[in-house]
Amino acid sequence: MARWRSRRTIKLHAQLRESQCLPVSWKRQSEPQLSRDLEDRWSMLNRHCADQSSHLRLGRLLHRLTHYDPGVQESALAELELATQLIRTGARVTFLPESQARTADLNCHLGRDQFFVEVTAMVGSVDRRRLPVRGIHVDEQQGEEEDRGVILIYRILARIQQKAKQLSDYRDPVVLSISIPRADLRSGKHSRREEIWLDLKALAGAVTVLLTRLPHLSAIIISLWDVHPLPSKAATRLVNVKLVERSRHERMHPRVRLLIENPAAARFMSEQQREAFQQIM
């Protein structure tokens with residue numbers, strides 16, 4: 001994942017309003033700065049997505065990338081990364097307008113096929129991250145990593161159910177993308193860091209079972225940045241699940257990515273769409 005390194009300055013125009021389509025200029029060094037990689041990604045999206053709706057969303061996305069709350073930052077970063085990755089697979093991407101009625105984030109086309117993508121990051125608010133997790137005590141001993149993994153699975157399932165409510169009206173395939181930049185359940189800057197050992201097959205199985213009750217979701221892609229995969233205890237594999245696991249030293253990519261297709265989907269992804277998401281993996 002790209003980090004916040006000071007290389008070149010992107011600043012908002014002094015008179016920027018949310019309705020303006022060209023929200024950036026390159027001036028003072030005192031403004032919030034983004035990494036070279038983030039700058040390049042944002043610029044590519046600004047060129048590729050020429051419609052007014054996309055430009056409005058991109059202006060707000062830039063605000064969120066420099067927000068004080070890490071949860072807002074990570075959500076914007078996940079949206080930025082996935083949109084650029086989809087474009088690199090050959091998809092035409094449009095940012096959907098924000099409205100009171102919750103909708104997906106991206107409208108995408110591959111050839112003649114259309115699909116929609118909702119992007120979310122699991123970080124939480126600053127206040128929530130200061131609270132202890134129910135069922136986990138401050139003085140707990142090592143050896144509870146697997147229990148933390150179970151709690152993380154429950155949180156992922158809860159996020160899927162929450163997001164699924166806003167995605168039920170589409171007649172084309174819908175993909176939900178969940179990014180988990182830090183699996184630490186407390187996420188406090190000064191607290192002892194918690195190692196999360198995660199049973200990936202248990203996660204894939206639990207998500208698959210949930211998806212059978214959510215036919216309007218075609219697939220889910222889950223990006224986990226700092227979990228530790230538990231050694232597999234069974235040789236069985238789910239045919240609807242694609243899994244990519246990387247070394248912990250590859251900091252620029254998620255440690256684990258899962259693409260979980262819904263076996264009971266009302267609208268399945270096309271082969272071209274499936275190949276695009278497999279490239280993203």
# chains A, B, ... in the order shown; residues from 1 in each chain; ligands from 1

call {"tool": "select_by_dssp", "arguments": {"residues": "range 33-258 of chain A", "states": "strand (DSSP E or B)", "output": "ChimeraX atom specification"}}
result
/A:33-34,92-95,106-110,113-121,174-180,197-198,219-224,228-229,241-245,256-258

call {"tool": "residues_around", "arguments": {"residues": "Phe116 in chain A", "least_positions_apart": "3", "cutoff": "8 Å", "atoms": "only C-alpha atoms", "output": "number ranges by chain"}}
result
A: 104-108, 172-175

call {"tool": "residues_around", "arguments": {"residues": "range 246-262 of chain A", "least_positions_apart": "2", "cutoff": "6 Å", "atoms": "only C-alpha atoms", "output": "JSON, numbers by chain"}}
result
{"A": [1, 211, 218, 219, 220, 221, 222, 223, 224, 225, 226, 240, 241, 242, 243, 244, 264, 265]}

call {"tool": "write_last_selection", "arguments": {"atoms": "C-alpha atoms", "output": "mmCIF file, in the first residue's frame"}}
result
data_model
loop_
_atom_site.group_PDB
_atom_site.id
_atom_site.type_symbol
_atom_site.label_atom_id
_atom_site.label_comp_id
_atom_site.auth_asym_id
_atom_site.auth_seq_id
_atom_site.Cartn_x
_atom_site.Cartn_y
_atom_site.Cartn_z
ATOM 1 C CA MET A 1 0.000 0.000 0.000
ATOM 2 C CA LEU A 211 -23.622 -14.970 -0.091
ATOM 3 C CA SER A 218 -22.233 -11.491 -7.647
ATOM 4 C CA ALA A 219 -18.863 -11.628 -5.899
ATOM 5 C CA ILE A 220 -16.727 -10.207 -3.099
ATOM 6 C CA ILE A 221 -13.046 -9.350 -3.242
ATOM 7 C CA ILE A 222 -11.351 -9.069 0.168
ATOM 8 C CA SER A 223 -7.899 -7.486 0.598
ATOM 9 C CA LEU A 224 -6.158 -8.181 3.924
ATOM 10 C CA TRP A 225 -2.941 -6.265 4.431
ATOM 11 C CA ASP A 226 -1.377 -7.537 7.656
ATOM 12 C CA ASN A 240 -15.905 -20.409 -6.124
ATOM 13 C CA VAL A 241 -12.869 -19.016 -4.273
ATOM 14 C CA LYS A 242 -9.614 -17.668 -5.720
ATOM 15 C CA LEU A 243 -6.850 -16.980 -3.197
ATOM 16 C CA VAL A 244 -3.537 -15.137 -3.533
ATOM 17 C CA ALA A 264 -26.354 -18.519 -5.818
ATOM 18 C CA ALA A 265 -25.967 -15.178 -7.625
#

call {"tool": "residues_around", "arguments": {"residues": "Arg41 in chain A", "least_positions_apart": "2", "cutoff": "8 Å", "atoms": "only C-alpha atoms", "output": "mmCIF file with N, CA and C atoms, in the first residue's frame"}}
result
data_model
loop_
_atom_site.group_PDB
_atom_site.id
_atom_site.type_symbol
_atom_site.label_atom_id
_atom_site.label_comp_id
_atom_site.auth_asym_id
_atom_site.auth_seq_id
_atom_site.Cartn_x
_atom_site.Cartn_y
_atom_site.Cartn_z
ATOM 1 N N ASP A 37 3.112 8.015 -5.952
ATOM 2 C CA ASP A 37 2.232 6.972 -6.490
ATOM 3 C C ASP A 37 0.774 7.394 -6.430
ATOM 4 N N LEU A 38 0.343 7.965 -5.298
ATOM 5 C CA LEU A 38 -1.036 8.421 -5.186
ATOM 6 C C LEU A 38 -1.319 9.561 -6.151
ATOM 7 N N GLU A 39 -0.366 10.451 -6.297
ATOM 8 C CA GLU A 39 -0.530 11.558 -7.239
ATOM 9 C C GLU A 39 -0.737 11.027 -8.661
ATOM 10 N N SER A 43 -4.123 11.399 -10.935
ATOM 11 C CA SER A 43 -4.030 12.077 -12.225
ATOM 12 C C SER A 43 -4.539 11.183 -13.351
ATOM 13 N N MET A 44 -4.228 9.888 -13.282
ATOM 14 C CA MET A 44 -4.692 8.967 -14.310
ATOM 15 C C MET A 44 -6.217 8.881 -14.307
ATOM 16 N N LEU A 45 -6.807 8.816 -13.120
ATOM 17 C CA LEU A 45 -8.268 8.774 -13.025
ATOM 18 C C LEU A 45 -8.884 10.067 -13.539
ATOM 19 N N LEU A 80 -9.519 4.620 -4.726
ATOM 20 C CA LEU A 80 -8.538 5.072 -5.713
ATOM 21 C C LEU A 80 -7.791 3.884 -6.312
ATOM 22 N N GLU A 81 -7.341 2.968 -5.470
ATOM 23 C CA GLU A 81 -6.549 1.831 -5.935
ATOM 24 C C GLU A 81 -7.360 0.907 -6.833
ATOM 25 N N THR A 84 -8.114 2.448 -10.341
ATOM 26 C CA THR A 84 -6.959 2.445 -11.244
ATOM 27 C C THR A 84 -6.628 1.029 -11.701
#

call {"tool": "closest_residue", "arguments": {"among": "A:Tyr68, A:Phe95, A:Trp197, A:Phe277", "to": "His55 in chain A", "atoms": "only C-alpha atoms"}}
result
A:Phe95

call {"tool": "residues_around", "arguments": {"residues": "Arg155 in chain A", "least_positions_apart": "6", "cutoff": "10 Å", "atoms": "only C-alpha atoms", "output": "number ranges by chain"}}
result
A: 122, 149, 161

call {"tool": "select_by_dssp", "arguments": {"residues": "range 179-248 of chain A", "states": "alpha helix (DSSP H)", "output": "ChimeraX atom specification"}}
result
/A:200-211

call {"tool": "write_last_selection", "arguments": {"atoms": "N, CA and C atoms", "output": "PDB file, in the first residue's frame"}}
result
ATOM      1  N   LEU A 200      -8.066 -18.785   6.584  1.00  0.00           N
ATOM      2  CA  LEU A 200      -8.597 -18.278   5.325  1.00  0.00           C
ATOM      3  C   LEU A 200      -9.714 -19.154   4.774  1.00  0.00           C
ATOM      4  N   LYS A 201      -9.618 -20.455   4.989  1.00  0.00           N
ATOM      5  CA  LYS A 201     -10.679 -21.346   4.510  1.00  0.00           C
ATOM      6  C   LYS A 201     -11.958 -21.149   5.317  1.00  0.00           C
ATOM      7  N   ALA A 202     -11.821 -20.885   6.610  1.00  0.00           N
ATOM      8  CA  ALA A 202     -13.007 -20.598   7.427  1.00  0.00           C
ATOM      9  C   ALA A 202     -13.656 -19.298   6.963  1.00  0.00           C
ATOM     10  N   LEU A 203     -12.829 -18.287   6.651  1.00  0.00           N
ATOM     11  CA  LEU A 203     -13.360 -17.022   6.144  1.00  0.00           C
ATOM     12  C   LEU A 203     -14.080 -17.237   4.816  1.00  0.00           C
ATOM     13  N   ALA A 204     -13.443 -17.944   3.886  1.00  0.00           N
ATOM     14  CA  ALA A 204     -14.049 -18.180   2.573  1.00  0.00           C
ATOM     15  C   ALA A 204     -15.354 -18.963   2.707  1.00  0.00           C
ATOM     16  N   GLY A 205     -15.383 -19.957   3.590  1.00  0.00           N
ATOM     17  CA  GLY A 205     -16.595 -20.739   3.775  1.00  0.00           C
ATOM     18  C   GLY A 205     -17.721 -19.929   4.382  1.00  0.00           C
ATOM     19  N   ALA A 206     -17.395 -19.108   5.385  1.00  0.00           N
ATOM     20  CA  ALA A 206     -18.419 -18.297   6.037  1.00  0.00           C
ATOM     21  C   ALA A 206     -18.997 -17.265   5.069  1.00  0.00           C
ATOM     22  N   VAL A 207     -18.135 -16.636   4.249  1.00  0.00           N
ATOM     23  CA  VAL A 207     -18.608 -15.650   3.275  1.00  0.00           C
ATOM     24  C   VAL A 207     -19.465 -16.331   2.208  1.00  0.00           C
ATOM     25  N   THR A 208     -19.060 -17.517   1.768  1.00  0.00           N
ATOM     26  CA  THR A 208     -19.836 -18.243   0.757  1.00  0.00           C
ATOM     27  C   THR A 208     -21.234 -18.564   1.259  1.00  0.00           C
ATOM     28  N   VAL A 209     -21.324 -19.040   2.496  1.00  0.00           N
ATOM     29  CA  VAL A 209     -22.641 -19.358   3.072  1.00  0.00           C
ATOM     30  C   VAL A 209     -23.504 -18.101   3.142  1.00  0.00           C
ATOM     31  N   LEU A 210     -22.904 -16.975   3.570  1.00  0.00           N
ATOM     32  CA  LEU A 210     -23.657 -15.722   3.647  1.00  0.00           C
ATOM     33  C   LEU A 210     -24.119 -15.273   2.259  1.00  0.00           C
ATOM     34  N   LEU A 211     -23.274 -15.412   1.256  1.00  0.00           N
ATOM     35  CA  LEU A 211     -23.622 -14.970  -0.091  1.00  0.00           C
ATOM     36  C   LEU A 211     -24.816 -15.722  -0.662  1.00  0.00           C
TER      37      LEU A 211
END

call {"tool": "residues_around", "arguments": {"residues": "range 164-169 of chain A", "least_positions_apart": "3", "cutoff": "9 Å", "atoms": "only C-alpha atoms", "output": "count of residues only"}}
result
14

call {"tool": "atom_distance", "arguments": {"atom1": "CA of Gly59 in chain A", "atom2": "CA of Ala276 in chain A"}}
result
26.6 Å
